[in-house]
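Chemist: Below is the file model.cif, which contains mmCIF, C-alpha atoms.
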data_model
loop_
_atom_site.label_atom_id
_atom_site.label_comp_id
_atom_site.auth_asym_id
_atom_site.auth_seq_id
_atom_site.Cartn_x
_atom_site.Cartn_y
_atom_site.Cartn_z
CA MET A 1039 -16.13 -45.35 -46.60
CA LYS A 1040 -17.87 -42.12 -47.57
CA PRO A 1041 -17.83 -39.59 -44.73
CA ASN A 1042 -21.19 -38.82 -43.28
CA ILE A 1043 -21.40 -35.02 -43.58
CA THR A 1044 -24.49 -34.76 -41.41
CA SER A 1045 -22.81 -36.65 -38.57
CA LEU A 1046 -19.68 -34.53 -38.90
CA CYS A 1047 -21.70 -31.29 -38.74
CA LEU A 1048 -23.64 -32.59 -35.78
CA TYR A 1049 -20.39 -33.52 -34.02
CA LEU A 1050 -18.90 -30.08 -34.65
CA LEU A 1051 -22.07 -28.39 -33.46
CA LEU A 1052 -22.14 -30.45 -30.28
CA THR A 1053 -18.45 -29.72 -29.67
CA CYS A 1054 -19.05 -25.98 -30.03
CA LEU A 1055 -22.07 -26.11 -27.76
CA THR A 1056 -20.14 -28.09 -25.17
CA PHE A 1057 -17.23 -25.64 -25.07
CA SER A 1058 -19.47 -22.58 -25.10
CA GLY A 1059 -21.44 -24.21 -22.31
CA LEU A 1060 -18.31 -24.71 -20.20
CA ALA A 1061 -17.33 -21.11 -20.71
CA ALA A 1062 -20.82 -19.96 -19.80
CA VAL A 1063 -20.91 -21.86 -16.53
CA LEU A 1064 -17.97 -20.06 -14.98
CA PRO A 1065 -19.45 -18.15 -12.04
CA PRO A 1066 -18.80 -14.41 -11.66
CA GLY A 1067 -15.22 -13.46 -10.91
CA VAL A 1068 -13.72 -16.84 -11.85
CA MET A 1069 -11.24 -16.81 -14.75
CA HIS A 1070 -9.88 -19.65 -16.80
CA VAL A 1071 -6.09 -20.03 -16.65
CA ASN A 1072 -4.15 -21.88 -19.31
CA GLY A 1073 -2.76 -24.64 -17.15
CA VAL A 1074 0.51 -23.13 -16.00
CA PRO A 1075 2.27 -25.38 -13.47
CA ALA A 1076 1.45 -24.32 -9.93
CA PRO A 1077 4.45 -22.87 -8.05
CA ALA A 1078 5.78 -24.81 -5.10
CA LEU A 1079 3.67 -24.68 -1.96
CA LYS A 1080 5.40 -26.29 0.97
CA LEU A 1081 4.58 -24.81 4.36
CA ALA A 1082 3.68 -25.75 7.92
CA ASN A 1083 0.21 -25.17 9.26
CA LEU A 1084 -0.77 -23.39 12.47
CA ASP A 1085 -0.14 -26.63 14.39
CA GLY A 1086 3.31 -27.03 12.85
CA LYS A 1087 2.31 -29.93 10.57
CA SER A 1088 3.97 -29.69 7.15
CA TYR A 1089 2.10 -29.67 3.84
CA ASP A 1090 3.40 -30.03 0.29
CA LEU A 1091 1.14 -29.36 -2.70
CA ALA A 1092 3.28 -31.76 -4.72
CA ASN A 1093 1.78 -34.60 -2.69
CA SER A 1094 -1.73 -33.70 -3.81
CA ARG A 1095 -1.45 -34.93 -7.40
CA GLY A 1096 -4.57 -36.77 -8.49
CA ARG A 1097 -7.07 -34.37 -6.97
CA TRP A 1098 -8.24 -30.80 -7.39
CA VAL A 1099 -6.87 -28.36 -4.83
CA PHE A 1100 -8.47 -25.05 -3.84
CA VAL A 1101 -5.57 -22.77 -2.84
CA HIS A 1102 -6.52 -19.52 -1.11
CA PHE A 1103 -4.17 -16.71 0.01
CA TRP A 1104 -5.36 -14.22 2.60
CA ALA A 1105 -4.39 -11.88 5.45
CA SER A 1106 -6.45 -10.69 8.39
CA TRP A 1107 -5.74 -7.00 7.72
CA CYS A 1108 -7.37 -7.23 4.29
CA GLY A 1109 -11.05 -6.24 4.38
CA PRO A 1110 -12.29 -8.50 1.55
CA CYS A 1111 -10.38 -11.43 3.11
CA ARG A 1112 -12.11 -10.87 6.44
CA ARG A 1113 -15.52 -10.76 4.79
CA GLU A 1114 -14.83 -13.85 2.69
CA MET A 1115 -13.36 -16.20 5.27
CA PRO A 1116 -16.63 -17.29 6.98
CA SER A 1117 -17.99 -18.10 3.53
CA ILE A 1118 -14.96 -20.28 2.83
CA GLN A 1119 -15.53 -22.22 6.02
CA ARG A 1120 -19.20 -22.79 5.12
CA MET A 1121 -18.19 -23.87 1.61
CA THR A 1122 -15.63 -26.39 2.88
CA ASP A 1123 -18.31 -27.88 5.13
CA MET A 1124 -20.76 -28.14 2.23
CA LEU A 1125 -18.16 -29.70 -0.10
CA ALA A 1126 -16.58 -32.03 2.43
CA ASP A 1127 -17.45 -35.04 0.26
CA SER A 1128 -16.46 -33.42 -3.06
CA GLY A 1129 -12.96 -34.82 -3.21
CA ILE A 1130 -11.53 -31.30 -3.46
CA GLU A 1131 -8.71 -30.43 -1.11
CA PHE A 1132 -8.97 -26.99 0.51
CA VAL A 1133 -5.79 -25.13 1.41
CA VAL A 1134 -5.82 -21.65 2.97
CA VAL A 1135 -2.49 -19.82 3.21
CA ASN A 1136 -1.99 -16.87 5.52
CA THR A 1137 0.37 -14.28 4.10
CA ALA A 1138 3.07 -12.89 6.39
CA GLU A 1139 1.25 -12.72 9.71
CA THR A 1140 2.07 -14.12 13.11
CA GLU A 1141 0.46 -17.15 14.67
CA ASP A 1142 -1.19 -14.93 17.28
CA GLU A 1143 -2.75 -12.69 14.63
CA VAL A 1144 -4.05 -15.65 12.65
CA PHE A 1145 -5.32 -17.56 15.66
CA THR A 1146 -7.12 -14.51 17.04
CA PHE A 1147 -8.89 -13.85 13.75
CA LEU A 1148 -9.73 -17.37 12.62
CA GLY A 1149 -10.76 -18.46 16.10
CA ILE A 1150 -13.71 -16.09 15.80
CA VAL A 1151 -14.75 -16.24 12.15
CA ALA A 1152 -13.64 -19.67 10.87
CA PRO A 1153 -12.46 -21.87 13.73
CA ASP A 1154 -12.47 -25.10 11.70
CA LEU A 1155 -10.01 -23.89 9.08
CA MET A 1156 -6.38 -24.87 9.59
CA PRO A 1157 -4.23 -22.37 7.68
CA LEU A 1158 -0.76 -22.83 6.31
CA MET A 1159 1.57 -20.16 7.60
CA ASP A 1160 3.61 -18.25 5.00
CA LEU A 1161 5.42 -16.44 7.80
CA ASP A 1162 7.68 -14.29 5.66
CA GLY A 1163 5.34 -13.96 2.66
CA GLN A 1164 7.84 -15.44 0.21
CA VAL A 1165 5.69 -18.37 -0.95
CA THR A 1166 2.77 -16.03 -1.63
CA GLY A 1167 5.13 -13.86 -3.65
CA GLU A 1168 6.10 -16.83 -5.83
CA TRP A 1169 2.43 -17.39 -6.74
CA GLN A 1170 2.15 -13.73 -7.82
CA PRO A 1171 -1.49 -13.23 -6.88
CA ARG A 1172 -3.33 -10.28 -8.40
CA GLY A 1173 -3.99 -9.15 -4.83
CA LEU A 1174 -5.37 -10.48 -1.57
CA PRO A 1175 -7.53 -12.46 -1.26
CA ALA A 1176 -6.55 -14.73 -4.13
CA THR A 1177 -7.87 -18.17 -5.00
CA TYR A 1178 -6.46 -20.71 -7.43
CA LEU A 1179 -7.83 -24.06 -8.53
CA VAL A 1180 -5.07 -26.53 -9.21
CA ASP A 1181 -5.96 -29.56 -11.29
CA PRO A 1182 -4.96 -33.17 -10.54
CA ASP A 1183 -1.83 -32.73 -12.69
CA GLY A 1184 -0.62 -29.80 -10.58
CA ARG A 1185 -1.56 -27.09 -13.08
CA ILE A 1186 -3.50 -23.90 -12.34
CA ARG A 1187 -6.77 -24.08 -14.27
CA TYR A 1188 -8.86 -21.33 -12.68
CA GLN A 1189 -8.31 -18.19 -10.68
CA ALA A 1190 -10.86 -16.22 -8.67
CA LEU A 1191 -10.54 -12.44 -8.59
CA GLY A 1192 -11.09 -10.83 -5.20
CA GLY A 1193 -13.45 -12.04 -2.50
CA ARG A 1194 -16.81 -13.73 -3.00
CA GLU A 1195 -19.58 -15.70 -1.32
CA TRP A 1196 -18.28 -19.18 -2.01
CA GLU A 1197 -21.27 -20.98 -0.55
CA GLN A 1198 -23.56 -19.54 -3.26
CA GLN A 1199 -25.01 -22.23 -5.47
CA ALA A 1200 -23.18 -21.10 -8.62
CA TYR A 1201 -19.79 -21.60 -6.95
CA LEU A 1202 -20.77 -24.89 -5.31
CA ASP A 1203 -22.03 -26.24 -8.64
CA PHE A 1204 -18.89 -25.08 -10.40
CA LEU A 1205 -16.60 -26.70 -7.85
CA ARG A 1206 -18.57 -29.96 -7.87
CA ARG A 1207 -18.29 -30.09 -11.65
CA LEU A 1208 -14.50 -29.95 -11.51
CA ARG A 1209 -14.24 -33.65 -10.86
CA SER A 1210 -15.76 -34.37 -14.25
CA GLU A 1211 -13.22 -32.25 -16.14
CA MET B 767 -12.72 19.03 -4.67
CA ARG B 768 -13.57 18.82 -8.32
CA PHE B 769 -13.24 15.88 -10.62
CA ARG B 770 -13.88 15.29 -14.25
CA ILE B 771 -13.84 12.41 -16.66
CA GLN B 772 -13.13 12.36 -20.33
CA TYR B 773 -13.76 9.55 -22.78
CA LEU B 774 -11.68 9.28 -25.92
CA ILE B 775 -12.35 6.85 -28.71
CA THR B 776 -9.83 6.82 -31.49
CA GLY B 777 -11.63 7.29 -34.77
CA HIS B 778 -15.08 7.46 -33.18
CA TRP B 779 -15.19 11.06 -32.01
CA LEU B 780 -18.96 11.35 -32.05
CA ALA B 781 -19.38 8.30 -29.86
CA GLY B 782 -16.68 9.75 -27.64
CA VAL B 783 -18.51 13.06 -27.34
CA LEU B 784 -21.79 11.32 -26.54
CA LEU B 785 -20.17 9.06 -23.98
CA ALA B 786 -18.26 11.95 -22.47
CA ALA B 787 -21.54 13.79 -22.02
CA LEU B 788 -23.05 10.72 -20.43
CA VAL B 789 -20.22 10.04 -18.02
CA CYS B 790 -19.78 13.70 -17.10
CA THR B 791 -23.40 13.76 -16.08
CA ARG B 792 -22.88 10.65 -14.00
CA ALA B 793 -19.72 11.99 -12.40
CA SER B 794 -21.39 15.18 -11.32
CA ALA B 795 -24.30 13.36 -9.72
CA ILE B 796 -22.52 12.82 -6.41
CA ASP B 797 -24.96 10.96 -4.25
CA LYS B 798 -23.11 7.81 -3.21
CA PRO B 799 -21.50 7.56 0.18
CA TYR B 800 -17.92 6.77 -0.80
CA PRO B 801 -15.48 7.84 1.88
CA GLY B 802 -13.58 10.22 -0.38
CA PRO B 803 -13.60 11.96 -3.76
CA PHE B 804 -14.68 9.62 -6.51
CA VAL B 805 -15.52 9.31 -10.18
CA GLU B 806 -18.08 6.76 -11.24
CA ASN B 807 -19.55 5.95 -14.60
CA ASP B 808 -20.83 2.90 -16.43
CA GLN B 809 -17.30 1.58 -16.93
CA LEU B 810 -15.19 2.55 -13.99
CA LEU B 811 -15.32 3.54 -10.34
CA VAL B 812 -12.30 5.31 -8.85
CA VAL B 813 -12.34 6.41 -5.21
CA LEU B 814 -9.54 8.28 -3.41
CA MET B 815 -9.24 8.07 0.36
CA PRO B 816 -6.46 10.37 1.64
CA ARG B 817 -5.24 9.16 5.05
CA THR B 818 -3.90 11.02 8.05
CA PRO B 819 -0.47 10.07 9.41
CA GLU B 820 -2.25 8.81 12.53
CA GLN B 821 -4.43 6.45 10.50
CA MET B 822 -1.46 4.94 8.71
CA ALA B 823 0.65 4.71 11.84
CA ALA B 824 -2.19 2.93 13.65
CA PHE B 825 -2.66 0.48 10.78
CA TYR B 826 0.98 -0.55 10.60
CA GLU B 827 1.56 -0.42 14.37
CA ALA B 828 -1.27 -2.91 14.76
CA ARG B 829 0.60 -5.20 12.33
CA GLY B 830 3.72 -5.09 14.50
CA PHE B 831 5.76 -2.62 12.46
CA PRO B 832 8.66 -1.23 14.53
CA ASP B 833 8.86 2.41 15.62
CA ASP B 834 11.52 3.39 13.09
CA ALA B 835 9.31 2.10 10.25
CA ILE B 836 6.33 3.99 11.62
CA ALA B 837 8.40 7.19 11.85
CA ARG B 838 9.21 6.93 8.12
CA ILE B 839 5.60 6.16 7.22
CA ARG B 840 4.42 9.21 9.19
CA LYS B 841 6.52 11.53 7.03
CA THR B 842 4.60 10.60 3.89
CA CYS B 843 1.15 11.03 2.42
CA PHE B 844 -0.90 7.87 1.88
CA VAL B 845 -3.88 7.89 -0.43
CA THR B 846 -5.85 4.67 -0.51
CA VAL B 847 -7.24 4.11 -4.01
CA HIS B 848 -10.13 1.83 -4.89
CA ILE B 849 -10.75 1.05 -8.56
CA GLU B 850 -13.47 -1.15 -9.96
CA ASN B 851 -13.95 -2.19 -13.58
CA LYS B 852 -17.69 -1.98 -14.15
CA SER B 853 -17.48 -2.63 -17.87
CA ARG B 854 -17.50 -5.79 -19.98
CA SER B 855 -14.00 -5.02 -21.30
CA VAL B 856 -10.52 -5.25 -19.89
CA ILE B 857 -9.45 -1.89 -18.42
CA TRP B 858 -5.75 -1.22 -17.81
CA LEU B 859 -4.45 0.28 -14.60
CA GLU B 860 -0.93 1.55 -15.38
CA GLN B 861 0.47 3.87 -12.75
CA LYS B 862 3.39 4.85 -14.98
CA ASN B 863 0.86 6.83 -17.06
CA TRP B 864 -0.59 8.69 -14.10
CA ARG B 865 0.22 12.39 -13.91
CA ILE B 866 0.29 13.83 -10.41
CA THR B 867 1.05 17.52 -9.96
CA SER B 868 1.18 19.96 -7.10
CA ASN B 869 1.51 23.69 -7.80
CA SER B 870 1.93 22.77 -11.48
CA LYS B 871 5.02 20.68 -10.69
CA PRO B 872 5.21 16.89 -10.82
CA LEU B 873 4.69 15.24 -7.45
CA PRO B 874 6.66 11.99 -7.59
CA ARG B 875 5.06 8.86 -6.19
CA LEU B 876 7.31 7.05 -3.69
CA SER B 877 8.33 3.92 -5.57
CA SER B 878 9.00 0.39 -4.37
CA ASP B 879 12.72 1.17 -4.79
CA TYR B 880 12.34 4.04 -2.35
CA TRP B 881 10.64 1.81 0.19
CA ASP B 882 13.13 -1.02 -0.30
CA ALA B 883 15.93 1.44 0.55
CA GLN B 884 14.03 2.60 3.62
CA TRP B 885 13.48 -0.94 4.83
CA ASP B 886 17.08 -1.91 4.12
CA ASP B 887 18.17 1.02 6.32
CA ILE B 888 16.28 -0.30 9.30
CA ASP B 889 16.55 -4.01 8.50
CA LEU B 890 12.78 -4.47 8.37
CA PRO B 891 11.85 -8.18 8.53
CA LEU B 892 10.66 -9.86 5.32
CA ALA B 893 7.17 -10.44 6.71
CA LYS B 894 6.66 -6.72 7.29
CA ARG B 895 8.03 -5.86 3.86
CA SER B 896 5.60 -8.36 2.37
CA THR B 897 2.64 -6.88 4.26
CA PHE B 898 3.68 -3.36 3.25
CA GLY B 899 3.96 -4.45 -0.37
CA TRP B 900 0.51 -6.01 -0.41
CA THR B 901 -1.00 -2.78 0.91
CA GLN B 902 0.28 -0.80 -2.11
CA LEU B 903 -1.75 -0.25 -5.28
CA PRO B 904 -0.36 -2.52 -8.04
CA LEU B 905 1.68 -0.70 -10.67
CA VAL B 906 -0.01 -2.56 -13.53
CA ARG B 907 -3.24 -4.53 -13.64
CA ASP B 908 -5.39 -5.71 -16.54
CA LEU B 909 -8.66 -5.29 -14.70
CA GLN B 910 -11.14 -7.91 -15.85
CA PRO B 911 -14.90 -7.20 -15.96
CA ASP B 912 -16.17 -6.65 -12.40
CA GLU B 913 -12.67 -6.88 -10.95
CA PRO B 914 -11.81 -4.48 -8.14
CA VAL B 915 -8.33 -3.47 -7.08
CA GLY B 916 -7.19 -1.37 -4.17
CA GLY B 917 -4.14 -0.16 -2.35
CA ASN B 918 -2.13 2.83 -1.33
CA VAL B 919 -0.33 5.39 -3.46
CA VAL B 920 2.27 7.25 -1.39
CA PHE B 921 3.81 10.69 -1.88
CA PRO B 922 6.27 12.77 0.11
CA GLY B 923 4.36 14.53 2.88
CA THR B 924 3.01 17.86 1.67
CA THR B 925 0.62 20.50 2.91
CA ASP B 926 -0.15 21.52 -0.67
CA SER B 927 -3.01 20.05 -2.62
CA PHE B 928 -2.41 17.99 -5.73
CA ASP B 929 -4.12 17.05 -8.97
CA LEU B 930 -4.25 13.54 -10.42
CA GLU B 931 -4.82 12.62 -14.04
CA ALA B 932 -5.13 8.88 -14.61
CA PRO B 933 -5.57 7.47 -18.11
CA PHE B 934 -6.90 3.90 -18.43
CA TYR B 935 -6.63 2.05 -21.73
CA VAL B 936 -9.67 -0.04 -22.63
CA GLY B 937 -9.61 -3.46 -24.28
CA GLU B 938 -7.36 -6.48 -23.98
CA ASP B 939 -5.04 -5.00 -26.61
CA LYS B 940 -5.59 -1.42 -25.33
CA ARG B 941 -7.15 -0.44 -28.65
CA ASN B 942 -10.73 0.25 -27.57
CA GLY B 943 -10.19 3.81 -26.43
CA MET B 944 -9.08 5.41 -23.22
CA LEU B 945 -10.79 6.63 -20.09
CA VAL B 946 -9.17 9.62 -18.45
CA ILE B 947 -10.05 10.26 -14.83
CA ARG B 948 -9.14 13.57 -13.22
CA PHE B 949 -9.17 14.64 -9.61
CA GLU B 950 -8.30 18.22 -8.70
CA ASN B 951 -7.31 19.88 -5.46
CA VAL B 952 -6.90 16.70 -3.43
CA GLN B 953 -5.56 17.39 0.03
CA CYS B 954 -3.35 15.16 2.09
CA PRO B 955 -4.81 15.35 5.61
CA GLN B 956 -2.33 16.57 8.19
CA GLY B 957 -1.67 15.21 11.66
CA GLU B 958 -4.51 14.92 14.16
CA GLN B 959 -7.11 15.50 11.44
CA GLU B 960 -9.71 12.91 10.63
CA THR B 961 -10.85 12.19 7.08
#
Show this structure as structure tokens.

Modeler:
Amino acid sequence: MKPNITSLCLYLLLTCLTFSGLAAVLPPGVMHVNGVPAPALKLANLDGKSYDLANSRGRWVFVHFWASWCGPCRREMPSIQRMTDMLADSGIEFVVVNTAETEDEVFTFLGIVAPDLMPLMDLDGQVTGEWQPRGLPATYLVDPDGRIRYQALGGREWEQQAYLDFLRRLRSE
Amino acid sequence: MRFRIQYLITGHWLAGVLLAALVCTRASAIDKPYPGPFVENDQLLVVLMPRTPEQMAAFYEARGFPDDAIARIRKTCFVTVHIENKSRSVIWLEQKNWRITSNSKPLPRLSSDYWDAQWDDIDLPLAKRSTFGWTQLPLVRDLQPDEPVGGNVVFPGTTDSFDLEAPFYVGEDKRNGMLVIRFENVQCPQGEQET
């Protein structure tokens, strides 16, 4: 059968437009990451209940590292709580990891600014170190296969429409 | 305090001269309320915030650092640095290229090896070491467009002023020129002083 050059060109054009479109829709401060496997994340939360990222295969996971002494983290945390409320039905799992603070410090801070968030406690900071964040706060988006696909640089207003739209679109990737 | 900026573009000296003129103008127009000496242009913002021993002691005491750690912290000079890439290119923070001098002699930055030895001496818990580490300015960072980075650079305590010259390569492959930021006559605040 003779190849249809017009169809082929159209296909290539659509492919290019699709990929350029995906790149264009990344909201400010969010970077694509080339699918490196996420490091282990197995910690207990503030209530002592254990969590293992390995058990979250099959869904996107929003992994956020923070500490209450870090100014951008303090400013960002209320926004994260509002975002998790707004995306409760998105199918995304939200995991916030406190880095190397005590339960008292975390409870005192979150009780005021984001009382509905239940953080994992990286009490000695070693798990955070394994993830090698660029700084605190740090956010990673782990895909359903357990690979890091996106990384957010610094703090941001997560409940802004651009971020909500981006996160909702993840399920279609 | 005086500060200057120089823009170098390999092979594009005229563009470099024009840009240098532009950024020098910007740097001298000090009208923004940053809490310390700063250089700002269309590509980069660098702010230095020298801290008093009391400020640093209070910060780490509030995070549960023991007295013997605080005593060692008090003997040093902390400068909190904020850097922001305002350009559309990657800009490289590489502290190994920074030149810090006091009285025309190199003023060595206290390295992570130095602090590890200090913390080993007093058996500082891992959590505190982690917190201390996260409060330091990263040694290397490929700053993406709009990305900020911050943290402390620490020197031995000194009453003398110091100069800082910080080159930043531009471009993912570091081949799109270099920004050189200079701060002169920076003072480490002494005890009981407020910045």

Chemist: With only C-alpha atoms as the atoms that count, which of B:Pro832, B:Gly943, B:Gly899, B:Pro911 lies nearest to Leu810 in chain B?

Modeler: B:Pro911

Chemist: Residue by residue, what does the PyMOL selection byres ((chain A) within 6 of (chain B)) grab here? Present the result as a VMD selection string.

Modeler: chain A and resid 1138 1162 to 1163

Chemist: Export, as an mmCIF file, keeping the file's coordinate frame, the selected residues with C-alpha atoms.

Modeler:
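Generated file (part03.cif):
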data_model
loop_
_atom_site.group_PDB
_atom_site.id
_atom_site.type_symbol
_atom_site.label_atom_id
_atom_site.label_comp_id
_atom_site.auth_asym_id
_atom_site.auth_seq_id
_atom_site.Cartn_x
_atom_site.Cartn_y
_atom_site.Cartn_z
ATOM 1 C CA ALA A 1138 3.070 -12.890 6.390
ATOM 2 C CA ASP A 1162 7.680 -14.290 5.660
ATOM 3 C CA GLY A 1163 5.340 -13.960 2.660
#

Chemist: Up to 6 Å from (-8.3, 5.2, -4.1) in the file's coordinates: name the residues, counting all atoms listed in the file, as a PyMOL selection string.

Modeler: chain B and resi 813-815+846-848

Chemist: Selection in question (the file shown): the PyMOL selection byres ((chain B and resi 882) around 12). Which residues does it include, as a PyMOL selection string?

Modeler: chain B and resi 835+876-881+883-892+894-896+898-899

Chemist: Please write as an NGL selection string the full residue list that the PyMOL selection byres ((chain B and resi 867) around 12) yields on this file.

Modeler: :B and (864-866 or 868-875 or 921 or 924 or 926-932 or 948-953)

Chemist: What does the structure give for the distance between CA of Pro1075 in chain A and CA of Asp1181 in chain A, in Å to one decimal?

Modeler: 9.5 Å

Chemist: Would you mind reading off the distance between CA of Leu1064 in chain A and CA of Asp808 in chain B, one decimal, in Å?

Modeler: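 Between CA of Leu1064 in chain A and CA of Asp808 in chain B the gap works out to 23.2 Å.
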
Chemist: May I have the protein, DNA and RNA residues with an atom at most 10 Å from (-4.8, -37.4, -8.8), counting all atoms listed in the file in the file's coordinates, returned as a list in words?

Modeler: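 Neighbouring residues, ordered by chain and number, come to Asn1093, Ser1094, Arg1095, Gly1096, Arg1097, Trp1098, Asp1181, Pro1182, Asp1183 and Gly1184 of chain A.
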
Chemist: Do you have the CA of Gln956 in chain B-CA of Phe831 in chain B distance handy?

Modeler: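 Pair CA of Gln956 in chain B / CA of Phe831 in chain B returns 21.3 Å.
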
Chemist: Near range 1103-1114 of chain A, counting all atoms listed in the file, which residues have an atom at most 10 Å away, once you skip same-chain residues fewer than 6 positions from it, shown as an MDAnalysis selection string?

Modeler: (chainID A and resid 1133:1139 1143:1144 1146:1148 1151:1152 1157:1158 1160 1166 1169 1171 1173:1178 1192:1196) or (chainID B and resid 825:826 828:829 897 900:901)

Chemist: Just checking: using only C-alpha atoms, which residue out of B:Gln809, B:Pro933, B:Pro922, B:Pro955 ends up closest to Ser855 in chain B?

Modeler: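 Of B:Gln809, B:Pro933, B:Pro922, B:Pro955, the one nearest Ser855 in chain B is B:Gln809, counting only C-alpha atoms.
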
Chemist: Would you mind telling me which residue in B:Arg854, B:Val920, B:Leu811, B:Leu859 lies nearest to Arg840 in chain B when using only C-alpha atoms?

Modeler: B:Val920

Chemist: If we count all atoms listed in the file and set the cut-off at 12 Å, which residues sit around Gly1149 in chain A, ignoring sequence neighbours fewer than 6 positions away in its own chain? Please answer as a PyMOL selection string.

Modeler: chain A and resi 1084+1106+1115-1116+1119+1141-1143+1155-1157

Chemist: Would you put the residues from that selection into a file with C-alpha atoms, as an mmCIF file, in the frame of the given file?

Modeler:
data_model
loop_
_atom_site.group_PDB
_atom_site.id
_atom_site.type_symbol
_atom_site.label_atom_id
_atom_site.label_comp_id
_atom_site.auth_asym_id
_atom_site.auth_seq_id
_atom_site.Cartn_x
_atom_site.Cartn_y
_atom_site.Cartn_z
ATOM 1 C CA LEU A 1084 -0.770 -23.390 12.470
ATOM 2 C CA SER A 1106 -6.450 -10.690 8.390
ATOM 3 C CA MET A 1115 -13.360 -16.200 5.270
ATOM 4 C CA PRO A 1116 -16.630 -17.290 6.980
ATOM 5 C CA GLN A 1119 -15.530 -22.220 6.020
ATOM 6 C CA GLU A 1141 0.460 -17.150 14.670
ATOM 7 C CA ASP A 1142 -1.190 -14.930 17.280
ATOM 8 C CA GLU A 1143 -2.750 -12.690 14.630
ATOM 9 C CA LEU A 1155 -10.010 -23.890 9.080
ATOM 10 C CA MET A 1156 -6.380 -24.870 9.590
ATOM 11 C CA PRO A 1157 -4.230 -22.370 7.680
#

Chemist: My list of candidates is A:Ser1210, A:Glu1197, A:Pro1066, A:Val1101. Which is closest to Ile1118 in chain A when distances are computed with all atoms listed in the file?

Modeler: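 The answer is A:Glu1197, which sits nearest to Ile1118 in chain A.
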
Chemist: Taking only C-alpha atoms into account, name the residue in A:Phe1145, A:Met1069, A:Ser1128, A:Val1099 that is nearest to Asn1083 in chain A.

Modeler: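 Distance minimum relative to Asn1083 in chain A lands on A:Phe1145.
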
Chemist: Just checking: using only C-alpha atoms, which residue out of A:Ile1130, A:Leu1205, A:Ala1078, A:Leu1091 ends up closest to Ala1190 in chain A?

Modeler: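 The answer is A:Leu1205, which sits nearest to Ala1190 in chain A.
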